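Q: Take this structure first; my questions come after.
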Amino acid sequence: MAGLGHTYSVYVDDNYHYMDEEARYKLGDFATLDDAVAACKRMVDQFLKNEVPPDITGAERYEQYTGFGPDPFIVTDDPDAGSPPFSAWNYAKERCQEG
């Protein structure tokens, strides 16, 4: 049973303050990896929808995200979750290429 007894904590870095742990905050703890990934995806999608102009290219949208967007990530003690369990940059790149 994946996720049984494991914790999935989502933390958020700010791409605008890259590598600045002072800008990091905890979004919350989730019961399952799927719930944690869904929370991360919502955060990226919300930024792309609300903060990035829809009429620019996918590459420009991705550049806006990596320069200014939230970078949620998952910290877990689940060895089966993958390393990393979620990549906001990879997800954002996919979303930006979709148009």
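We label chains A, B, ... in the order they appear in the structure tokens, count residues from 1 in each chain, and number ligands from 1 in the order shown.
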Skipping near chain neighbours, those fewer than 2 positions away, what residues fall within 6 Å of stretch 93-96 of chain A using only C-alpha atoms, listed as a PyMOL selection string?
A: chain A and resi 58+62+90-91+98-99
Q: Could you turn the residues from that selection into a file that holds N, CA, C and O atoms, as a PDB file, in the first residue's frame?
A:
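Saved to part-v1.pdb:
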```pdb
ATOM      1  N   GLY A  58       5.137  29.559 -25.827  1.00  0.00           N
ATOM      2  CA  GLY A  58       5.343  28.615 -24.740  1.00  0.00           C
ATOM      3  C   GLY A  58       6.684  28.823 -24.061  1.00  0.00           C
ATOM      4  O   GLY A  58       6.794  28.755 -22.833  1.00  0.00           O
ATOM      5  N   TYR A  62       7.235  29.793 -20.182  1.00  0.00           N
ATOM      6  CA  TYR A  62       8.107  29.015 -19.296  1.00  0.00           C
ATOM      7  C   TYR A  62       9.169  29.909 -18.659  1.00  0.00           C
ATOM      8  O   TYR A  62       9.477  29.772 -17.470  1.00  0.00           O
ATOM      9  N   ASN A  90       9.580  20.800 -14.570  1.00  0.00           N
ATOM     10  CA  ASN A  90       9.191  19.882 -15.650  1.00  0.00           C
ATOM     11  C   ASN A  90       7.705  19.987 -15.945  1.00  0.00           C
ATOM     12  O   ASN A  90       7.287  20.003 -17.110  1.00  0.00           O
ATOM     13  N   TYR A  91       6.890  20.058 -14.904  1.00  0.00           N
ATOM     14  CA  TYR A  91       5.451  20.169 -15.089  1.00  0.00           C
ATOM     15  C   TYR A  91       5.114  21.487 -15.801  1.00  0.00           C
ATOM     16  O   TYR A  91       4.311  21.507 -16.733  1.00  0.00           O
ATOM     17  N   GLU A  98       1.924  22.956 -24.061  1.00  0.00           N
ATOM     18  CA  GLU A  98       0.568  22.612 -24.485  1.00  0.00           C
ATOM     19  C   GLU A  98      -0.147  23.815 -25.102  1.00  0.00           C
ATOM     20  O   GLU A  98      -1.081  23.653 -25.855  1.00  0.00           O
ATOM     21  N   GLY A  99       0.330  25.010 -24.748  1.00  0.00           N
ATOM     22  CA  GLY A  99      -0.289  26.210 -25.311  1.00  0.00           C
ATOM     23  C   GLY A  99      -1.393  26.637 -24.471  1.00  0.00           C
ATOM     24  O   GLY A  99      -2.271  27.321 -24.619  1.00  0.00           O
TER      25      GLY A  99
END
```
Q: Please list as a PyMOL selection string every residue within 12 Å of stretch 6-23 of chain A, counting only C-alpha atoms and excluding residues in the same chain fewer than 3 positions away.
A: chain A and resi 1-3+26-41+43-44+47+62-81+84-89
Q: Find the distance between atom CA of A:Arg61 and atom CA of A:Ser83 and write it in Å to one decimal.
A: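 Taking atom CA of A:Arg61 and atom CA of A:Ser83, their separation equals 25.9 Å.
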Q: From a backbone DSSP assignment, name each residue in chain A labelled strand (DSSP E or B), as a list in words.
A: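 Of chain A, only Tyr8, Ser9, Val10, Tyr11, Val12, Asp13, Asp14, Tyr25, Lys26, Leu27, Gly28, Asp29, Phe30, Pro70, Asp71, Pro72, Phe73, Ile74, Val75 and Thr76 of chain A fall in strand (DSSP E or B).
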Q: Can you write out the residues you just picked, keeping N, CA and C atoms, as a short mmCIF file (atom, residue, chain, number, x, y, z; two decimals), in the first residue's frame?
A:
```cif
data_model
loop_
_atom_site.label_atom_id
_atom_site.label_comp_id
_atom_site.auth_asym_id
_atom_site.auth_seq_id
_atom_site.Cartn_x
_atom_site.Cartn_y
_atom_site.Cartn_z
N TYR A 8 3.74 13.35 3.34
CA TYR A 8 4.08 14.06 2.10
C TYR A 8 3.89 15.54 2.37
N SER A 9 4.98 16.23 2.62
CA SER A 9 4.93 17.65 2.93
C SER A 9 5.30 18.45 1.70
N VAL A 10 4.50 19.46 1.40
CA VAL A 10 4.78 20.33 0.26
C VAL A 10 5.35 21.64 0.78
N TYR A 11 6.52 21.97 0.27
CA TYR A 11 7.17 23.25 0.55
C TYR A 11 7.22 24.02 -0.75
N VAL A 12 7.31 25.34 -0.63
CA VAL A 12 7.31 26.18 -1.82
C VAL A 12 8.49 27.15 -1.75
N ASP A 13 9.31 27.08 -2.78
CA ASP A 13 10.36 28.08 -2.99
C ASP A 13 9.82 29.09 -3.99
N ASP A 14 10.42 30.25 -4.02
CA ASP A 14 10.03 31.31 -4.93
C ASP A 14 11.13 31.43 -5.99
N TYR A 25 8.30 28.50 2.17
CA TYR A 25 7.25 28.27 3.16
C TYR A 25 6.65 26.89 2.95
N LYS A 26 5.98 26.42 3.98
CA LYS A 26 5.33 25.11 3.92
C LYS A 26 3.87 25.29 3.53
N LEU A 27 3.47 24.65 2.44
CA LEU A 27 2.08 24.69 2.00
C LEU A 27 1.21 23.80 2.88
N GLY A 28 1.73 22.60 3.20
CA GLY A 28 0.96 21.71 4.05
C GLY A 28 1.42 20.28 3.97
N ASP A 29 0.79 19.44 4.77
CA ASP A 29 1.05 18.00 4.79
C ASP A 29 -0.12 17.29 4.13
N PHE A 30 0.18 16.23 3.40
CA PHE A 30 -0.84 15.50 2.66
C PHE A 30 -0.75 14.02 2.98
N PRO A 70 6.08 30.16 -8.44
CA PRO A 70 6.32 29.33 -7.27
C PRO A 70 6.95 28.01 -7.69
N ASP A 71 7.78 27.46 -6.83
CA ASP A 71 8.45 26.19 -7.12
C ASP A 71 8.13 25.20 -6.00
N PRO A 72 6.92 24.61 -6.05
CA PRO A 72 6.55 23.66 -5.00
C PRO A 72 7.31 22.34 -5.14
N PHE A 73 7.65 21.75 -4.00
CA PHE A 73 8.32 20.45 -4.02
C PHE A 73 7.87 19.64 -2.82
N ILE A 74 8.07 18.34 -2.94
CA ILE A 74 7.57 17.40 -1.93
C ILE A 74 8.72 16.80 -1.14
N VAL A 75 8.57 16.81 0.17
CA VAL A 75 9.52 16.15 1.06
C VAL A 75 8.76 14.99 1.71
N THR A 76 9.32 13.80 1.59
CA THR A 76 8.64 12.62 2.13
C THR A 76 9.64 11.59 2.63
#
```
